[in-house]
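Peer 1: File run31.cif follows (mmCIF, C-alpha atoms and all ligand atoms):
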```cif
data_start
loop_
_atom_site.label_atom_id
_atom_site.label_comp_id
_atom_site.auth_asym_id
_atom_site.auth_seq_id
_atom_site.Cartn_x
_atom_site.Cartn_y
_atom_site.Cartn_z
CA SER H 13 -4.65 -54.96 -12.21
CA LEU H 14 -1.43 -54.77 -10.24
CA SER H 15 1.44 -52.53 -11.20
CA MET H 16 4.83 -52.72 -9.53
CA VAL H 17 8.06 -50.73 -9.63
CA THR H 18 11.35 -51.32 -7.80
CA CYS H 19 13.82 -48.49 -7.17
CA THR H 20 16.95 -47.80 -5.19
CA ALA H 21 17.80 -44.45 -3.67
CA PRO H 22 21.18 -43.13 -2.54
CA VAL H 23 22.19 -41.60 0.79
CA ASN H 24 23.36 -38.04 1.14
CA ILE H 25 25.78 -36.74 3.77
CA ALA H 26 25.68 -33.02 4.51
CA VAL H 27 28.82 -30.91 4.73
CA ILE H 28 26.70 -27.86 5.62
CA LYS H 29 24.09 -29.20 7.99
CA TYR H 30 20.36 -28.64 7.98
CA TRP H 31 19.19 -28.20 11.57
CA GLY H 32 16.00 -26.31 12.42
CA LYS H 33 12.72 -25.69 10.62
CA ARG H 34 10.95 -22.41 10.07
CA ASP H 35 7.79 -24.34 9.17
CA GLU H 36 7.29 -27.78 10.66
CA ASP H 37 4.25 -28.69 8.57
CA LEU H 38 5.75 -27.90 5.20
CA ILE H 39 9.26 -28.90 6.39
CA LEU H 40 10.98 -25.66 5.47
CA PRO H 41 14.48 -25.17 6.85
CA MET H 42 15.92 -22.21 8.73
CA ASN H 43 19.12 -22.45 6.73
CA SER H 44 20.34 -23.75 3.40
CA SER H 45 22.40 -26.95 3.41
CA LEU H 46 24.76 -28.80 1.10
CA SER H 47 25.50 -32.49 0.77
CA LEU H 48 27.22 -35.16 -1.27
CA THR H 49 25.16 -37.99 -2.64
CA LEU H 50 26.80 -41.36 -2.16
CA HIS H 51 26.07 -44.19 -4.51
CA GLN H 52 27.42 -47.01 -2.47
CA ASP H 53 25.92 -50.46 -2.72
CA GLN H 54 25.85 -51.10 1.02
CA LEU H 55 24.21 -47.80 1.74
CA LYS H 56 21.35 -47.66 -0.66
CA THR H 57 17.73 -48.49 -0.09
CA THR H 58 15.58 -50.62 -2.34
CA THR H 59 11.85 -50.18 -2.49
CA THR H 60 9.14 -51.94 -4.34
CA VAL H 61 5.83 -50.21 -4.67
CA ALA H 62 2.77 -51.99 -5.89
CA CYS H 63 -0.52 -50.41 -6.67
CA SER H 64 -3.77 -52.18 -7.21
CA ARG H 65 -7.44 -51.35 -7.45
CA ASN H 66 -8.19 -54.51 -5.52
CA PHE H 67 -6.87 -53.21 -2.24
CA GLN H 68 -9.29 -51.52 0.07
CA GLN H 69 -6.84 -49.00 1.46
CA ASP H 70 -3.24 -47.79 1.36
CA ARG H 71 -0.78 -50.03 3.18
CA ILE H 72 2.92 -49.38 3.61
CA TRP H 73 5.67 -51.65 4.90
CA LEU H 74 9.07 -50.32 5.89
CA ASN H 75 11.74 -52.87 6.74
CA GLY H 76 9.14 -55.58 6.71
CA LYS H 77 7.08 -53.86 9.37
CA GLU H 78 3.75 -52.34 8.54
CA GLU H 79 3.61 -48.61 9.15
CA ASP H 80 0.73 -46.82 10.77
CA ILE H 81 -0.96 -45.23 7.81
CA SER H 82 -2.14 -42.30 9.93
CA ASN H 83 1.48 -41.13 10.36
CA PRO H 84 1.29 -37.49 9.19
CA ARG H 85 4.50 -37.65 7.14
CA LEU H 86 3.33 -40.72 5.36
CA GLN H 87 -0.01 -39.09 4.80
CA SER H 88 1.47 -36.02 3.18
CA CYS H 89 3.58 -38.16 0.84
CA LEU H 90 0.63 -40.27 -0.06
CA GLN H 91 -1.74 -37.39 -0.43
CA GLU H 92 0.57 -35.71 -2.90
CA SER H 93 0.91 -38.91 -4.78
CA ILE H 94 -2.83 -39.37 -4.96
CA LEU H 95 -2.88 -36.51 -7.46
CA TRP H 96 -0.48 -38.39 -9.65
CA ARG H 97 -2.54 -41.49 -9.27
CA LEU H 98 -5.66 -39.74 -10.44
CA ASN H 99 -3.82 -38.07 -13.27
CA ASP H 100 -1.71 -40.81 -14.59
CA PHE H 101 -2.81 -44.05 -13.20
CA ASP H 102 -6.16 -45.63 -13.01
CA CYS H 103 -5.82 -47.47 -9.76
CA ASN H 104 -8.50 -46.23 -7.46
CA GLY H 105 -6.11 -44.38 -5.17
CA THR H 106 -4.74 -47.34 -3.27
CA CYS H 107 -1.18 -48.29 -2.87
CA THR H 108 0.99 -50.97 -1.36
CA SER H 109 4.68 -50.49 -0.75
CA MET H 110 7.49 -52.63 0.59
CA THR H 111 10.81 -51.11 1.52
CA SER H 112 13.91 -53.01 2.46
CA CYS H 113 16.78 -51.23 4.00
CA SER H 114 20.40 -52.28 4.35
CA PRO H 115 21.45 -53.04 7.94
CA ASN H 116 22.82 -50.36 10.26
CA ASP H 117 21.09 -47.45 8.64
CA ASP H 118 20.19 -46.22 12.07
CA ASP H 119 19.68 -42.66 11.18
CA ASP H 120 18.38 -42.87 7.70
CA ASP H 121 14.68 -42.83 7.68
CA VAL H 122 15.55 -40.14 5.16
CA LYS H 123 16.28 -42.73 2.56
CA ILE H 124 13.14 -44.63 3.26
CA TRP H 125 10.98 -41.58 2.77
CA PHE H 126 12.85 -40.51 -0.25
CA VAL H 127 12.72 -43.90 -1.81
CA LEU H 128 9.03 -44.15 -1.15
CA VAL H 129 8.34 -40.89 -2.88
CA TYR H 130 10.77 -41.60 -5.66
CA THR H 131 9.33 -45.02 -6.29
CA LEU H 132 5.82 -43.69 -6.30
CA SER H 133 6.91 -41.08 -8.78
CA GLN H 134 8.36 -43.75 -11.04
CA LEU H 135 5.17 -45.66 -10.78
CA PHE H 136 3.03 -42.68 -11.64
CA GLY H 137 5.46 -40.99 -13.99
CA VAL H 138 6.00 -37.66 -12.26
CA GLU H 139 8.46 -34.96 -13.21
CA SER H 140 11.39 -34.33 -10.87
CA GLU H 141 10.62 -30.70 -10.04
CA GLN H 142 7.54 -31.68 -8.12
CA LEU H 143 9.56 -34.46 -6.55
CA SER H 144 11.90 -32.27 -4.56
CA ALA H 145 8.98 -30.73 -2.70
CA VAL H 146 7.29 -34.05 -2.09
CA ALA H 147 10.47 -35.79 -0.92
CA ARG H 148 11.06 -32.86 1.42
CA GLN H 149 7.74 -33.47 3.05
CA GLY H 150 8.78 -36.99 3.93
CA SER H 151 12.05 -35.85 5.51
CA GLY H 152 13.79 -32.54 4.93
CA SER H 153 17.25 -33.78 4.04
CA ALA H 154 15.79 -36.47 1.75
CA CYS H 155 15.14 -33.90 -0.96
CA ARG H 156 18.92 -33.62 -1.53
CA SER H 157 19.07 -37.27 -2.61
CA LEU H 158 17.18 -36.37 -5.75
CA TYR H 159 20.43 -35.47 -7.47
CA GLY H 160 23.89 -36.98 -7.61
CA GLY H 161 27.16 -35.25 -6.74
CA PHE H 162 27.15 -31.99 -4.78
CA VAL H 163 23.64 -30.82 -3.98
CA GLN H 164 22.36 -27.76 -2.19
CA TRP H 165 18.95 -27.42 -0.61
CA LYS H 166 18.12 -23.76 -0.91
CA LEU H 167 16.35 -22.28 2.05
CA GLY H 168 13.92 -20.33 -0.12
CA GLU H 169 11.95 -17.23 0.79
CA GLN H 170 8.33 -18.00 -0.01
CA LEU H 171 5.93 -18.86 2.78
CA ASP H 172 4.48 -21.75 0.81
CA GLY H 173 7.97 -23.24 0.36
CA LYS H 174 7.69 -23.41 -3.44
CA ASP H 175 11.25 -22.11 -3.75
CA SER H 176 12.73 -24.32 -1.02
CA LEU H 177 14.21 -26.88 -3.41
CA ALA H 178 17.21 -29.09 -3.96
CA GLU H 179 19.55 -28.18 -6.79
CA GLN H 180 22.73 -29.79 -8.13
CA VAL H 181 25.88 -27.72 -7.60
CA GLU H 182 28.26 -30.04 -9.47
CA SER H 183 27.85 -33.57 -10.77
CA GLU H 184 29.51 -36.66 -9.28
CA SER H 185 32.24 -36.63 -11.91
CA TYR H 186 33.39 -33.12 -10.98
CA TRP H 187 35.80 -34.19 -8.24
CA PRO H 188 36.78 -37.81 -9.00
CA GLU H 189 39.62 -37.98 -6.45
CA LEU H 190 37.30 -37.36 -3.52
CA ARG H 191 36.71 -40.38 -1.27
CA VAL H 192 34.25 -41.13 1.50
CA LEU H 193 34.73 -43.54 4.37
CA THR H 194 32.14 -44.44 6.99
CA LEU H 195 33.27 -45.43 10.47
CA VAL H 196 30.42 -47.16 12.23
CA VAL H 197 30.92 -46.39 15.89
CA SER H 198 27.54 -47.67 16.91
CA ALA H 199 24.73 -49.34 15.04
CA GLU H 200 22.35 -48.47 17.83
CA GLN H 201 19.34 -46.28 17.26
CA LYS H 202 20.04 -42.63 17.93
CA SER H 203 18.85 -41.30 21.26
CA VAL H 204 16.97 -38.26 20.01
CA GLY H 205 15.53 -38.29 16.51
CA SER H 206 16.43 -35.40 14.23
CA THR H 207 12.86 -34.13 13.98
CA SER H 208 12.34 -33.75 17.72
CA GLY H 209 15.97 -32.76 18.31
CA MET H 210 15.83 -29.86 15.89
CA HIS H 211 12.46 -28.82 17.30
CA THR H 212 13.97 -28.45 20.79
CA SER H 213 17.02 -26.67 19.33
CA VAL H 214 14.83 -24.11 17.56
CA GLU H 215 12.97 -23.47 20.81
CA THR H 216 15.97 -23.19 23.11
CA SER H 217 19.27 -22.54 21.29
CA GLN H 218 20.34 -18.97 20.61
CA LEU H 219 23.37 -20.29 18.81
CA LEU H 220 21.04 -21.86 16.23
CA LYS H 221 19.61 -18.45 15.31
CA TYR H 222 23.08 -16.99 14.99
CA ARG H 223 24.14 -19.90 12.82
CA ALA H 224 21.10 -19.61 10.52
CA ASP H 225 21.25 -15.81 10.18
CA VAL H 226 24.95 -15.08 10.22
CA VAL H 227 27.10 -18.18 9.66
CA VAL H 228 25.43 -20.35 7.03
CA PRO H 229 24.68 -17.75 4.31
CA SER H 230 28.36 -16.93 3.80
CA ARG H 231 29.48 -20.48 4.54
CA MET H 232 27.28 -21.81 1.72
CA GLU H 233 28.90 -19.45 -0.75
CA GLU H 234 32.34 -20.35 0.50
CA MET H 235 31.59 -24.07 0.33
CA ILE H 236 30.36 -23.86 -3.25
CA ARG H 237 33.45 -21.89 -4.20
CA VAL H 238 35.93 -24.37 -2.66
CA ILE H 239 34.10 -27.32 -4.26
CA ARG H 240 34.31 -25.62 -7.68
CA GLU H 241 38.03 -25.03 -7.04
CA ARG H 242 38.47 -28.61 -5.79
CA ASP H 243 40.32 -27.11 -2.84
CA PHE H 244 40.39 -30.04 -0.41
CA PRO H 245 42.03 -28.29 2.58
CA ALA H 246 39.42 -25.54 2.49
CA PHE H 247 36.60 -28.03 1.84
CA GLY H 248 37.74 -30.22 4.72
CA GLU H 249 38.13 -27.37 7.16
CA LEU H 250 34.68 -25.95 6.40
CA THR H 251 33.12 -29.41 6.64
CA MET H 252 34.65 -30.07 10.08
CA LYS H 253 33.76 -26.61 11.38
CA ASP H 254 30.20 -27.02 10.26
CA SER H 255 29.86 -30.45 11.87
CA ASN H 256 31.32 -29.05 15.08
CA GLN H 257 28.94 -26.11 15.04
CA PHE H 258 25.98 -28.40 14.57
CA HIS H 259 27.05 -30.45 17.61
CA ALA H 260 27.70 -27.26 19.55
CA ILE H 261 24.07 -26.31 18.88
CA CYS H 262 23.02 -29.70 20.20
CA LEU H 263 24.92 -28.94 23.39
CA ASP H 264 23.41 -25.45 23.46
CA THR H 265 19.94 -27.02 23.24
CA TYR H 266 18.15 -27.31 26.56
CA PRO H 267 18.08 -30.02 27.75
CA PRO H 268 21.25 -30.76 25.76
CA ILE H 269 21.43 -33.44 23.07
CA PHE H 270 24.50 -35.68 22.85
CA TYR H 271 25.02 -37.36 19.53
CA LEU H 272 28.77 -37.91 19.76
CA ASN H 273 30.31 -40.48 22.08
CA ASN H 274 33.86 -41.22 23.24
CA MET H 275 34.77 -43.03 20.06
CA SER H 276 33.52 -40.10 17.99
CA HIS H 277 35.68 -37.73 20.03
CA ARG H 278 38.70 -39.98 19.58
CA ILE H 279 38.17 -40.01 15.82
CA ILE H 280 37.95 -36.21 15.81
CA SER H 281 41.24 -35.95 17.73
CA LEU H 282 42.92 -38.45 15.46
CA VAL H 283 41.93 -36.55 12.32
CA HIS H 284 43.31 -33.32 13.77
CA ARG H 285 46.57 -34.96 14.87
CA TYR H 286 46.94 -36.51 11.42
CA ASN H 287 46.38 -33.20 9.67
CA GLN H 288 48.71 -31.41 12.08
CA TYR H 289 51.44 -33.93 11.35
CA TYR H 290 51.30 -32.99 7.65
CA GLY H 291 50.65 -29.34 8.32
CA GLU H 292 47.61 -29.40 6.02
CA THR H 293 44.05 -30.69 6.00
CA ARG H 294 44.20 -34.06 4.28
CA VAL H 295 41.27 -35.69 6.03
CA ALA H 296 37.95 -34.31 7.30
CA TYR H 297 35.15 -35.72 9.44
CA THR H 298 31.48 -34.97 9.69
CA PHE H 299 28.86 -36.37 12.09
CA ASP H 300 25.08 -36.32 11.76
CA ALA H 301 22.53 -37.05 14.48
CA GLY H 302 24.52 -40.02 15.80
CA PRO H 303 28.06 -41.12 16.75
CA ASN H 304 29.14 -42.58 13.38
CA ALA H 305 31.87 -40.71 11.52
CA VAL H 306 31.83 -39.94 7.83
CA ILE H 307 35.35 -39.22 6.62
CA TYR H 308 36.21 -37.27 3.48
CA THR H 309 39.65 -37.47 1.96
CA LEU H 310 41.43 -37.68 -1.40
CA GLN H 311 42.43 -40.91 -3.12
CA ASP H 312 46.14 -40.14 -2.53
CA HIS H 313 45.79 -40.11 1.26
CA LEU H 314 43.17 -42.77 1.66
CA SER H 315 45.15 -45.95 2.25
CA GLU H 316 47.54 -44.31 4.68
CA PHE H 317 44.72 -42.84 6.72
CA VAL H 318 42.91 -46.18 6.79
CA GLN H 319 46.12 -47.78 8.13
CA VAL H 320 46.35 -45.12 10.82
CA VAL H 321 42.74 -45.72 11.82
CA ARG H 322 43.29 -49.49 11.89
CA HIS H 323 46.31 -48.95 14.12
CA PHE H 324 44.49 -46.79 16.66
CA PHE H 325 41.18 -48.61 16.45
CA PRO H 326 41.99 -52.33 16.23
CA PRO H 327 38.97 -54.63 15.78
CA GLU H 328 38.84 -55.57 19.47
CA VAL H 329 38.32 -51.89 20.29
CA SER H 330 36.21 -50.78 17.39
CA GLY H 331 34.10 -53.86 16.68
CA GLU H 332 33.33 -55.66 13.46
CA GLU H 333 31.08 -53.00 12.06
CA PHE H 334 33.62 -50.23 12.28
CA PHE H 335 34.86 -50.38 8.72
CA LYS H 336 31.50 -50.85 7.19
CA GLY H 337 32.36 -48.03 4.82
CA LEU H 338 35.15 -50.11 3.28
CA PRO H 339 35.85 -50.58 0.47
CA VAL H 340 35.64 -46.90 0.06
CA CYS H 341 33.64 -45.27 -2.62
CA SER H 342 34.01 -42.05 -4.47
CA ALA H 343 31.36 -39.39 -4.23
CA ASP H 344 29.62 -40.83 -7.25
C1 LIG O 1 21.81 -33.89 11.11
O1 LIG O 1 16.05 -34.64 7.39
O2 LIG O 1 16.23 -36.29 9.27
O3 LIG O 1 21.33 -35.21 9.20
O4 LIG O 1 13.28 -33.00 8.22
O5 LIG O 1 12.79 -33.63 10.57
O6 LIG O 1 13.02 -35.41 8.83
P1 LIG O 1 13.44 -34.02 9.29
O7 LIG O 1 14.98 -34.13 9.63
P2 LIG O 1 16.15 -34.88 8.86
O8 LIG O 1 17.41 -34.10 9.45
C2 LIG O 1 18.72 -34.37 9.08
C3 LIG O 1 19.66 -33.65 9.97
C4 LIG O 1 21.13 -33.94 9.76
C5 LIG O 1 21.78 -32.85 8.90
C6 LIG O 1 21.57 -32.94 7.40
O9 LIG O 1 21.41 -34.04 6.84
O10 LIG O 1 21.61 -31.86 6.78
#
```
Would you write the structure of this file as structure tokens?
Ligand code: DP6
Peer 2:
Amino acid sequence: SLSMVTCTAPVNIAVIKYWGKRDEDLILPMNSSLSLTLHQDQLKTTTTVACSRNFQQDRIWLNGKEEDISNPRLQSCLQESILWRLNDFDCNGTCTSMTSCSPNDDDDDVKIWFVLVYTLSQLFGVESEQLSAVARQGSGSACRSLYGGFVQWKLGEQLDGKDSLAEQVESESYWPELRVLTLVVSAEQKSVGSTSGMHTSVETSQLLKYRADVVVPSRMEEMIRVIRERDFPAFGELTMKDSNQFHAICLDTYPPIFYLNNMSHRIISLVHRYNQYYGETRVAYTFDAGPNAVIYTLQDHLSEFVQVVRHFFPPEVSGEEFFKGLPVCSAD
């Protein structure tokens, strides 16, 4: 008896970054975070999970390559799902999964973990409340992909992490004019993975503690307010400041972590010059644990900004992959 399910899972891009764990085993964050879930064809991950009583043991393939089943993250996902298997599915606790990932997803193991958990949940018919916690155990930020639109991952207070969950702030249709553009500066693998990077930051950066205790609590409230008001200038400014603070923490980490490169810095300068020209924030950038830029803007300013970027970053400078994010998608 072989049962199979195929699912796709979206990417999320944080505007208030998650960086630092208070519990590395349960994957509990030191601060709350907020992201937008992007349903863009090029960016989503497709997974097929098959489950059969004929297999002797669990086997997982990610991007066509078989994963080491003793990987602790994989184990915690699978162990959770074993409960579902016993409850809902008579398959002797074995599982086979194949995940295919679109190219250039350098920094999104997130999606792979999420999609694995999500697909398993579809297979075993699990409710979504449990899912947030399980997805989180694969990769912290993955739990935000459970919902569309604007999603917050609440820090939570409990030691067991039961209240550290993702929650939708507004749906994808709330701000239809919002646009997202990805500028692929480099398709190379990031130098320091987010898990080990944030571990070193927690150990060495004092700025990280200040950010978690003092900055993020009020910034989360402010961010939710400006999203509800659809106030793009305020949304953009907060988004850029938060990205910059995250990269400042990386620099404050010892030894320092460099995720941004020259191209990233040039994009940052260009966005600020563009906004200064109009005397208002029309475009915002955010960068995760790598040099690629994610740009937020409104439909009205999109084509002009794309022209400006094309002018300053012609293909011979930026490379073929640069405009991977085109055609642009809305947040939904
Ligand atoms: C910079 O979720 O990849 O993208 O929980 O260790 O798997 P682990 O980390 P991960 O960290 C993502 C960090 C970030 C910011 C964010 O998405 O909030």
Peer 1: Of the candidates H:Val318, H:Met42, H:Val27, H:Leu190, which shows the shortest atom-to-atom distance to Glu234 of chain H, using all atoms listed in the file?
Peer 2: H:Val27
Peer 1: Smallest atom-to-atom distance to ligand LIG 1 (chain O): which of H:Gly152, H:Gly248, H:Gly205, H:Gly32, using all atoms listed in the file?
Peer 2: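 Closest residue, counting all atoms listed in the file: H:Gly152.
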Peer 1: Given only C-alpha atoms as the basis, pick out the residue of H:Leu40, H:Ile25, H:Leu310, H:Met275 nearest to Thr298 of chain H.
Peer 2: H:Ile25
Peer 1: Would you list the residues that come within 7 Å of ligand LIG 1 (chain O)? Count only C-alpha atoms and all ligand atoms and give the answer as a PyMOL selection string.
Peer 2: chain H and resi 25-26+28-31+39+45+121-122+150-154+206-207+300-301
Peer 1: So that I can see what lies close to Phe162 of chain H, please list as a list in words the residues with an atom at most 7 Å from it, counting only C-alpha atoms and leaving out residues fewer than 5 positions away in the same chain.
Peer 2: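 Using only C-alpha atoms, the neighbours found are Ser47, Leu48, Thr49, Gln180, Val181, Glu182, Ser183 and Glu184 of chain H.
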Peer 1: Could you turn the residues from that selection into a file that holds C-alpha atoms, as a PDB file, in the coordinates of the input?
Peer 2:
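Dumped to result-v2.pdb:
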```pdb
ATOM      1  CA  SER H  47      25.500 -32.490   0.770  1.00  0.00           C
ATOM      2  CA  LEU H  48      27.220 -35.160  -1.270  1.00  0.00           C
ATOM      3  CA  THR H  49      25.160 -37.990  -2.640  1.00  0.00           C
ATOM      4  CA  GLN H 180      22.730 -29.790  -8.130  1.00  0.00           C
ATOM      5  CA  VAL H 181      25.880 -27.720  -7.600  1.00  0.00           C
ATOM      6  CA  GLU H 182      28.260 -30.040  -9.470  1.00  0.00           C
ATOM      7  CA  SER H 183      27.850 -33.570 -10.770  1.00  0.00           C
ATOM      8  CA  GLU H 184      29.510 -36.660  -9.280  1.00  0.00           C
TER       9      GLU H 184
END
```
Peer 1: Compare H:Arg322, H:Arg156, H:Arg34, H:His211 by their minimum atom-to-atom distance to Thr265 of chain H, counting only C-alpha atoms, and give me the closest one.
Peer 2: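 Of all the options, H:His211 lies closest to Thr265 of chain H.
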Peer 1: With distances taken over all atoms listed in the file, which residue among H:Asn274, H:Ile269, H:Phe247, H:Thr194 lies nearest Gly209 of chain H?
Peer 2: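 Smallest distance to Gly209 of chain H is found for H:Ile269.
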Peer 1: How many Å separate atom CA of Lys166 of chain H from atom CA of Arg237 of chain H?
Peer 2: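 Interatomic distance here is 15.8 Å.
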Peer 1: For a test of reading the model, state the distance in Å between atom CA of Gly161 of chain H and atom CA of Ala246 of chain H, rounded to one decimal.
Peer 2: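 These two atoms are separated by 18.2 Å.
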Peer 1: Interatomic distance between atom CA of Pro229 of chain H and atom CA of Asp254 of chain H?
Peer 2: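 Distance between the two atoms: 12.3 Å.
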Peer 1: Edge lengths and centre in Å to one decimal, as lines of an AutoDock Vina configuration file, is what I'm after for the box along x, y and z that holds all listed atoms of segment 281-289 of chain H once 8 Å is added on each side.
Peer 2:
```
center_x = 46.3
center_y = -34.9
center_z = 13.7
size_x = 26.2
size_y = 23.0
size_z = 24.1
```
Peer 1: Output as a short mmCIF file (atom, residue, chain, number, x, y, z; two decimals), keeping the file's coordinate frame: segment 306-332 of chain H, completed with N, CA and C atoms.
Peer 2:
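Heads up, here's the output in out.cif:
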```cif
data_model
loop_
_atom_site.label_atom_id
_atom_site.label_comp_id
_atom_site.auth_asym_id
_atom_site.auth_seq_id
_atom_site.Cartn_x
_atom_site.Cartn_y
_atom_site.Cartn_z
N VAL H 306 31.65 -39.87 9.28
CA VAL H 306 31.83 -39.94 7.83
C VAL H 306 33.10 -39.14 7.55
N ILE H 307 34.04 -39.81 6.89
CA ILE H 307 35.35 -39.22 6.62
C ILE H 307 35.46 -38.86 5.14
N TYR H 308 35.90 -37.66 4.86
CA TYR H 308 36.21 -37.27 3.48
C TYR H 308 37.71 -37.14 3.35
N THR H 309 38.25 -37.67 2.25
CA THR H 309 39.65 -37.47 1.96
C THR H 309 39.86 -37.60 0.46
N LEU H 310 41.13 -37.50 0.01
CA LEU H 310 41.43 -37.68 -1.40
C LEU H 310 42.06 -39.05 -1.60
N GLN H 311 41.90 -39.59 -2.78
CA GLN H 311 42.43 -40.91 -3.12
C GLN H 311 43.89 -41.08 -2.66
N ASP H 312 44.71 -40.06 -2.86
CA ASP H 312 46.14 -40.14 -2.53
C ASP H 312 46.41 -40.41 -1.05
N HIS H 313 45.53 -39.98 -0.18
CA HIS H 313 45.79 -40.11 1.26
C HIS H 313 44.97 -41.23 1.90
N LEU H 314 44.14 -41.83 1.10
CA LEU H 314 43.17 -42.77 1.66
C LEU H 314 43.80 -43.96 2.36
N SER H 315 44.67 -44.69 1.66
CA SER H 315 45.15 -45.95 2.25
C SER H 315 45.99 -45.69 3.49
N GLU H 316 46.76 -44.61 3.48
CA GLU H 316 47.54 -44.31 4.68
C GLU H 316 46.62 -43.99 5.86
N PHE H 317 45.61 -43.18 5.61
CA PHE H 317 44.72 -42.84 6.72
C PHE H 317 43.98 -44.07 7.24
N VAL H 318 43.58 -44.94 6.35
CA VAL H 318 42.91 -46.18 6.79
C VAL H 318 43.85 -47.00 7.67
N GLN H 319 45.13 -47.06 7.30
CA GLN H 319 46.12 -47.78 8.13
C GLN H 319 46.23 -47.15 9.51
N VAL H 320 46.25 -45.84 9.55
CA VAL H 320 46.35 -45.12 10.82
C VAL H 320 45.12 -45.44 11.68
N VAL H 321 43.97 -45.42 11.07
CA VAL H 321 42.74 -45.72 11.82
C VAL H 321 42.78 -47.17 12.32
N ARG H 322 43.20 -48.08 11.47
CA ARG H 322 43.29 -49.49 11.89
C ARG H 322 44.25 -49.66 13.07
N HIS H 323 45.33 -48.87 13.04
CA HIS H 323 46.31 -48.95 14.12
C HIS H 323 45.72 -48.48 15.45
N PHE H 324 45.02 -47.35 15.41
CA PHE H 324 44.49 -46.79 16.66
C PHE H 324 43.16 -47.38 17.09
N PHE H 325 42.46 -47.98 16.13
CA PHE H 325 41.18 -48.61 16.45
C PHE H 325 41.19 -50.06 15.98
N PRO H 326 41.97 -50.93 16.64
CA PRO H 326 41.99 -52.33 16.23
C PRO H 326 40.60 -52.95 16.45
N PRO H 327 40.31 -54.05 15.74
CA PRO H 327 38.97 -54.63 15.78
C PRO H 327 38.44 -54.89 17.20
N GLU H 328 39.34 -55.27 18.13
CA GLU H 328 38.84 -55.57 19.47
C GLU H 328 38.32 -54.31 20.17
N VAL H 329 38.81 -53.16 19.72
CA VAL H 329 38.32 -51.89 20.29
C VAL H 329 37.10 -51.38 19.52
N SER H 330 37.21 -51.46 18.21
CA SER H 330 36.21 -50.78 17.39
C SER H 330 35.03 -51.66 17.00
N GLY H 331 35.21 -52.97 17.05
CA GLY H 331 34.10 -53.86 16.68
C GLY H 331 34.08 -54.13 15.18
N GLU H 332 33.36 -55.16 14.84
CA GLU H 332 33.33 -55.66 13.46
C GLU H 332 32.77 -54.65 12.47
#
```
